[in-house]
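Asker: Quick one, entry.cif (mmCIF, C-alpha atoms):
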```cif
data_run
loop_
_atom_site.label_atom_id
_atom_site.label_comp_id
_atom_site.auth_asym_id
_atom_site.auth_seq_id
_atom_site.Cartn_x
_atom_site.Cartn_y
_atom_site.Cartn_z
CA MET I 262 1.80 -24.86 -74.03
CA ASN I 263 2.66 -22.48 -71.23
CA THR I 264 4.22 -24.23 -68.22
CA ILE I 265 4.01 -22.87 -64.71
CA THR I 266 7.13 -23.06 -62.60
CA PHE I 267 7.13 -23.74 -58.87
CA GLU I 268 8.13 -20.12 -58.26
CA THR I 269 5.18 -18.84 -60.31
CA ALA I 270 2.78 -21.20 -58.54
CA TRP I 271 4.16 -20.03 -55.18
CA LYS I 272 3.46 -16.40 -56.13
CA TYR I 273 -0.06 -17.27 -57.27
CA GLY I 274 -0.76 -19.00 -53.95
CA GLY I 275 -0.01 -15.93 -51.89
CA HIS I 276 0.67 -15.89 -48.16
CA LEU I 277 -1.14 -19.15 -47.49
CA MET I 278 1.70 -20.95 -49.25
CA TRP I 279 3.87 -20.23 -46.20
CA VAL I 280 1.31 -21.92 -43.96
CA LEU I 281 1.25 -24.94 -46.26
CA ALA I 282 5.06 -24.97 -46.35
CA PHE I 283 5.08 -24.99 -42.53
CA PHE I 284 2.71 -27.97 -42.49
CA SER I 285 4.86 -29.71 -45.08
CA VAL I 286 7.98 -29.31 -42.92
CA MET I 287 6.09 -30.48 -39.82
CA GLU I 288 4.83 -33.48 -41.75
CA LEU I 289 8.31 -34.45 -42.91
CA ALA I 290 9.74 -34.01 -39.40
CA THR I 291 6.95 -36.12 -37.90
CA ILE I 292 7.47 -38.87 -40.48
CA LEU I 293 11.21 -38.98 -39.78
CA TYR I 294 10.59 -38.99 -36.02
CA LEU I 295 8.06 -41.82 -36.28
CA TRP I 296 10.27 -43.81 -38.63
CA ILE I 297 13.03 -43.76 -36.02
CA SER I 298 10.99 -43.93 -32.81
CA GLN I 299 8.72 -46.79 -33.90
CA ARG I 300 11.52 -49.15 -34.86
CA ARG I 301 11.16 -52.54 -33.19
CA GLY I 302 14.48 -52.05 -31.41
CA ALA I 303 13.46 -48.63 -30.13
CA VAL I 304 10.06 -49.66 -28.75
CA LEU I 305 10.56 -53.18 -27.38
CA PRO I 306 13.67 -52.93 -25.17
CA ASP I 307 12.75 -49.53 -23.73
CA GLY I 308 9.08 -50.41 -23.34
CA LEU I 309 9.83 -53.76 -21.70
CA ALA I 310 12.26 -52.15 -19.26
CA ARG I 311 9.65 -49.56 -18.32
CA ILE I 312 6.94 -52.20 -17.90
CA LYS I 313 9.20 -54.42 -15.74
CA ALA I 314 10.17 -51.51 -13.50
CA ALA I 315 6.63 -50.17 -13.13
CA SER I 316 4.58 -50.80 -10.02
CA ASP I 317 1.52 -51.17 -12.29
CA PRO I 318 2.68 -52.84 -15.54
CA ALA I 319 -0.73 -52.55 -17.22
CA ALA I 320 -0.87 -48.80 -16.61
CA GLU I 321 2.68 -48.38 -17.91
CA GLY I 322 1.79 -50.37 -21.02
CA GLY I 323 -1.17 -48.05 -21.52
CA ARG I 324 1.08 -45.01 -21.21
CA ILE I 325 3.48 -46.43 -23.81
CA ALA I 326 0.57 -47.16 -26.18
CA THR I 327 -0.81 -43.65 -25.70
CA ALA I 328 2.60 -42.13 -26.42
CA LEU I 329 2.98 -44.17 -29.61
CA TYR I 330 -0.44 -43.15 -30.90
CA ALA I 331 -0.12 -39.49 -29.84
CA ALA I 332 2.81 -38.88 -32.15
CA VAL I 333 0.92 -40.53 -35.03
CA ASP I 334 -2.02 -38.18 -34.47
CA TRP I 335 0.09 -35.24 -35.59
CA LEU I 336 -0.11 -36.61 -39.12
CA ALA I 337 -3.90 -36.88 -38.88
CA ASP I 338 -4.05 -33.27 -37.74
CA ILE I 339 -1.92 -32.11 -40.67
CA ALA I 340 -4.03 -34.22 -43.06
CA ALA I 341 -7.16 -32.52 -41.74
CA ILE I 342 -5.88 -28.93 -41.60
CA ALA I 343 -3.87 -28.66 -44.84
CA PRO I 344 -6.87 -29.08 -47.19
CA LEU I 345 -8.75 -26.50 -45.14
CA VAL I 346 -5.91 -24.04 -45.67
CA GLY I 347 -6.10 -24.88 -49.38
CA LEU I 348 -9.86 -24.31 -49.27
CA LEU I 349 -9.30 -20.97 -47.58
CA GLY I 350 -7.00 -20.08 -50.47
CA THR I 351 -9.73 -21.15 -52.87
CA VAL I 352 -12.29 -18.91 -51.19
CA LEU I 353 -9.87 -15.97 -51.02
CA GLY I 354 -8.91 -16.49 -54.65
CA MET I 355 -12.54 -16.53 -55.77
CA PHE I 356 -13.24 -13.48 -53.63
CA GLN I 357 -10.33 -11.69 -55.30
CA ALA I 358 -11.48 -12.77 -58.76
CA PHE I 359 -15.09 -11.72 -58.37
CA GLY I 360 -14.17 -8.62 -56.39
CA GLY I 361 -11.88 -7.60 -59.26
CA ILE I 362 -14.68 -8.13 -61.76
CA ALA I 363 -17.11 -6.11 -59.65
CA ALA I 364 -14.63 -3.26 -59.29
CA ASP I 365 -13.90 -3.26 -63.03
CA VAL I 366 -17.43 -3.88 -64.32
CA THR I 367 -17.65 -0.47 -66.02
CA ALA I 368 -14.49 -1.04 -67.99
CA GLY I 369 -15.43 -4.60 -68.91
CA ALA I 370 -14.03 -7.43 -66.85
CA LYS I 371 -10.41 -8.02 -67.78
CA PRO I 372 -9.45 -11.68 -68.01
CA VAL I 373 -6.22 -11.01 -66.14
CA VAL I 374 -8.17 -9.90 -63.05
CA LEU I 375 -10.20 -13.09 -63.08
CA ALA I 376 -7.21 -15.29 -63.87
CA GLN I 377 -5.17 -14.02 -60.92
CA GLY I 378 -7.85 -14.95 -58.39
CA VAL I 379 -8.59 -18.29 -60.01
CA SER I 380 -4.85 -19.07 -60.06
CA GLN I 381 -4.66 -18.53 -56.31
CA ALA I 382 -7.69 -20.76 -55.83
CA ILE I 383 -6.25 -23.59 -57.90
CA VAL I 384 -2.71 -23.41 -56.56
CA THR I 385 -3.65 -23.37 -52.88
CA THR I 386 -6.07 -26.24 -53.41
CA ILE I 387 -3.39 -28.30 -55.16
CA PHE I 388 -0.76 -27.59 -52.52
CA GLY I 389 -3.20 -28.22 -49.65
CA LEU I 390 -4.01 -31.63 -51.10
CA ALA I 391 -0.35 -32.31 -51.88
CA VAL I 392 0.43 -31.86 -48.18
CA ALA I 393 -2.66 -33.69 -46.88
CA ILE I 394 -2.64 -36.83 -49.01
CA PRO I 395 0.86 -38.07 -48.02
CA ALA I 396 0.11 -37.13 -44.39
CA LEU I 397 -2.98 -39.33 -44.49
CA VAL I 398 -1.10 -42.21 -46.12
CA PHE I 399 1.71 -42.05 -43.56
CA HIS I 400 -0.80 -41.68 -40.73
CA ALA I 401 -2.38 -44.98 -41.74
CA PHE I 402 1.03 -46.63 -42.07
CA PHE I 403 2.34 -45.45 -38.70
CA ARG I 404 -0.96 -46.11 -36.91
CA ARG I 405 -0.77 -49.74 -38.04
CA ARG I 406 2.91 -49.89 -37.16
CA ALA I 407 2.18 -48.55 -33.66
CA ALA I 408 -0.54 -51.17 -33.18
CA LYS I 409 1.92 -53.86 -34.26
CA ARG I 410 4.59 -52.61 -31.85
CA ILE I 411 2.07 -52.52 -29.00
CA ALA I 412 0.98 -56.09 -29.75
CA GLU I 413 4.62 -57.19 -29.80
CA LEU I 414 5.24 -55.40 -26.50
CA GLU I 415 2.20 -57.06 -24.90
CA GLU I 416 3.36 -60.46 -26.16
CA LYS I 417 6.84 -60.00 -24.69
CA ALA I 418 5.40 -58.72 -21.41
CA ASP I 419 3.16 -61.80 -21.19
CA GLU I 420 6.17 -64.04 -21.81
CA ILE I 421 8.09 -62.38 -19.00
CA SER I 422 5.22 -62.48 -16.52
CA ALA I 423 4.41 -66.15 -17.26
#
```
Render the structure in this file as structure tokens.
Answerer:
Amino acid sequence: MNTITFETAWKYGGHLMWVLAFFSVMELATILYLWISQRRGAVLPDGLARIKAASDPAAEGGRIATALYAAVDWLADIAAIAPLVGLLGTVLGMFQAFGGIAADVTAGAKPVVLAQGVSQAIVTTIFGLAVAIPALVFHAFFRRRAAKRIAELEEKADEISA
């Protein structure tokens, strides 16, 4: 059985692999940021202080909620875009494969010409999904965590105002 190394897969994927790598780094950075910024200790004391000091506490609470959800949306964006980049690689790979066959039809289609394009199609699809699936999972996790933090903040604000 012939195994494909990461380096070989990267070469098969072409230039779109750099785009997927960028999204992967952005995803990891966003996850780390959310992990730290959505801690109970990070949201509640700061959020409560801002709500207490605000002239309109409800509006300030809304701004805090919007800020918490806005950062989470980055993961949804990555989860939506990464598979499309993989799909673009699929289309380009198929175009390369069939274009190579059409150009070489007189000499008989060489399997290597077809295999190169199909390899790009498969690799970019795999990597696009490999970036998107964890982004979607973490998006769901952090969206729920943000909702929980907002509920906790509202509860504490109600306790203070009562």
Asker: Report as a list in words the full result of the PyMOL selection byres ((chain I and resi 323-329) around 8) when it is applied to this structure.
Answerer: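 So the PyMOL selection byres ((chain I and resi 323-329) around 8), applied here, picks out Gln299, Gly308, Ala319, Ala320, Glu321, Gly322, Tyr330, Ala331, Ala332, Val333, Ala407 and Ile411 of chain I.
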Asker: How would the residues just picked look written out with C-alpha atoms as a short mmCIF file (atom, residue, chain, number, x, y, z; two decimals), in the frame of the given file?
Answerer:
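Once everything was written out, this is out.cif:
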```cif
data_model
loop_
_atom_site.label_atom_id
_atom_site.label_comp_id
_atom_site.auth_asym_id
_atom_site.auth_seq_id
_atom_site.Cartn_x
_atom_site.Cartn_y
_atom_site.Cartn_z
CA GLN I 299 8.72 -46.79 -33.90
CA GLY I 308 9.08 -50.41 -23.34
CA ALA I 319 -0.73 -52.55 -17.22
CA ALA I 320 -0.87 -48.80 -16.61
CA GLU I 321 2.68 -48.38 -17.91
CA GLY I 322 1.79 -50.37 -21.02
CA TYR I 330 -0.44 -43.15 -30.90
CA ALA I 331 -0.12 -39.49 -29.84
CA ALA I 332 2.81 -38.88 -32.15
CA VAL I 333 0.92 -40.53 -35.03
CA ALA I 407 2.18 -48.55 -33.66
CA ILE I 411 2.07 -52.52 -29.00
#
```
Asker: Determine the residue membership of the PyMOL selection byres ((chain I and resi 268-281) around 7) for the file above and supply it as a VMD selection string.
Answerer: chain I and resid 265 to 267 282 to 285 343 350 380 to 381 384 to 385 389
Asker: Mind giving me the straight-line distance from CA of Trp296 in chain I to CA of Phe402 in chain I in Å, one decimal?
Answerer: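 Computing it gives 10.3 Å between the two atoms.
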Asker: Here is a test: counting all atoms listed in the file, which residue of I:Phe403, I:Ala314, I:Ala408, I:Glu420 is nearest to Ser298 in chain I?
Answerer: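 Among the listed residues, I:Phe403 lies closest to Ser298 in chain I.
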Asker: CA of Ile312 in chain I and CA of Asp334 in chain I are how many Å apart?
Answerer: 23.5 Å
Asker: Between I:Val392, I:Leu289, I:Val304, I:Leu348, single out the one closest to Arg406 in chain I, counting only C-alpha atoms.
Answerer: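 Comparing I:Val392, I:Leu289, I:Val304, I:Leu348 against Arg406 in chain I, the winner is I:Val304.
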Asker: Would you list the contacts of Thr351 in chain I as a list of chain:residue names, taking every protein, DNA or RNA residue within 8 Å and counting only C-alpha atoms, but skipping same-chain residues closer than 3 positions in sequence?
Answerer: I:Gly347, I:Leu348, I:Gly354, I:Met355, I:Val379, I:Gln381, I:Ala382, I:Ile383, I:Thr385, I:Thr386
Asker: Find the residue from I:Ala401, I:Ala396, I:Ala303, I:Leu353 that sits nearest to Val286 in chain I; use only C-alpha atoms when measuring.
Answerer: I:Ala396
Asker: Provide the CA of Phe356 in chain I to CA of Ile342 in chain I distance in Å, to one decimal place.
Answerer: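 So the two atoms, CA of Phe356 in chain I and CA of Ile342 in chain I, lie 20.9 Å apart.
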Asker: Under the rule that all atoms listed in the file are counted, which of I:Ala376, I:Ile387, I:Ile292, I:Ala412 is the nearest residue to Pro344 in chain I?
Answerer: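 Looking only at the distances to Pro344 in chain I, the closest residue turns out to be I:Ile387.
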Asker: Quick one: residues within 12 Å of Ser422 in chain I, only C-alpha atoms, excluding same-chain residues fewer than 3 positions away - as a PyMOL selection string?
Answerer: chain I and resi 309+312-313+318-319+415-419
Asker: With C-alpha atoms kept, could you save the residues just selected as a PDB file, keeping the file's coordinate frame?
Answerer:
```
ATOM      1  CA  LEU I 309       9.830 -53.760 -21.700  1.00  0.00           C
ATOM      2  CA  ILE I 312       6.940 -52.200 -17.900  1.00  0.00           C
ATOM      3  CA  LYS I 313       9.200 -54.420 -15.740  1.00  0.00           C
ATOM      4  CA  PRO I 318       2.680 -52.840 -15.540  1.00  0.00           C
ATOM      5  CA  ALA I 319      -0.730 -52.550 -17.220  1.00  0.00           C
ATOM      6  CA  GLU I 415       2.200 -57.060 -24.900  1.00  0.00           C
ATOM      7  CA  GLU I 416       3.360 -60.460 -26.160  1.00  0.00           C
ATOM      8  CA  LYS I 417       6.840 -60.000 -24.690  1.00  0.00           C
ATOM      9  CA  ALA I 418       5.400 -58.720 -21.410  1.00  0.00           C
ATOM     10  CA  ASP I 419       3.160 -61.800 -21.190  1.00  0.00           C
TER      11      ASP I 419
END
```
Asker: Looking at I:Ser316, I:Gly302, I:Thr264, I:Ala341, which one is nearest to His400 in chain I, with distances taken over all atoms listed in the file?
Answerer: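 Closest residue, counting all atoms listed in the file: I:Ala341.
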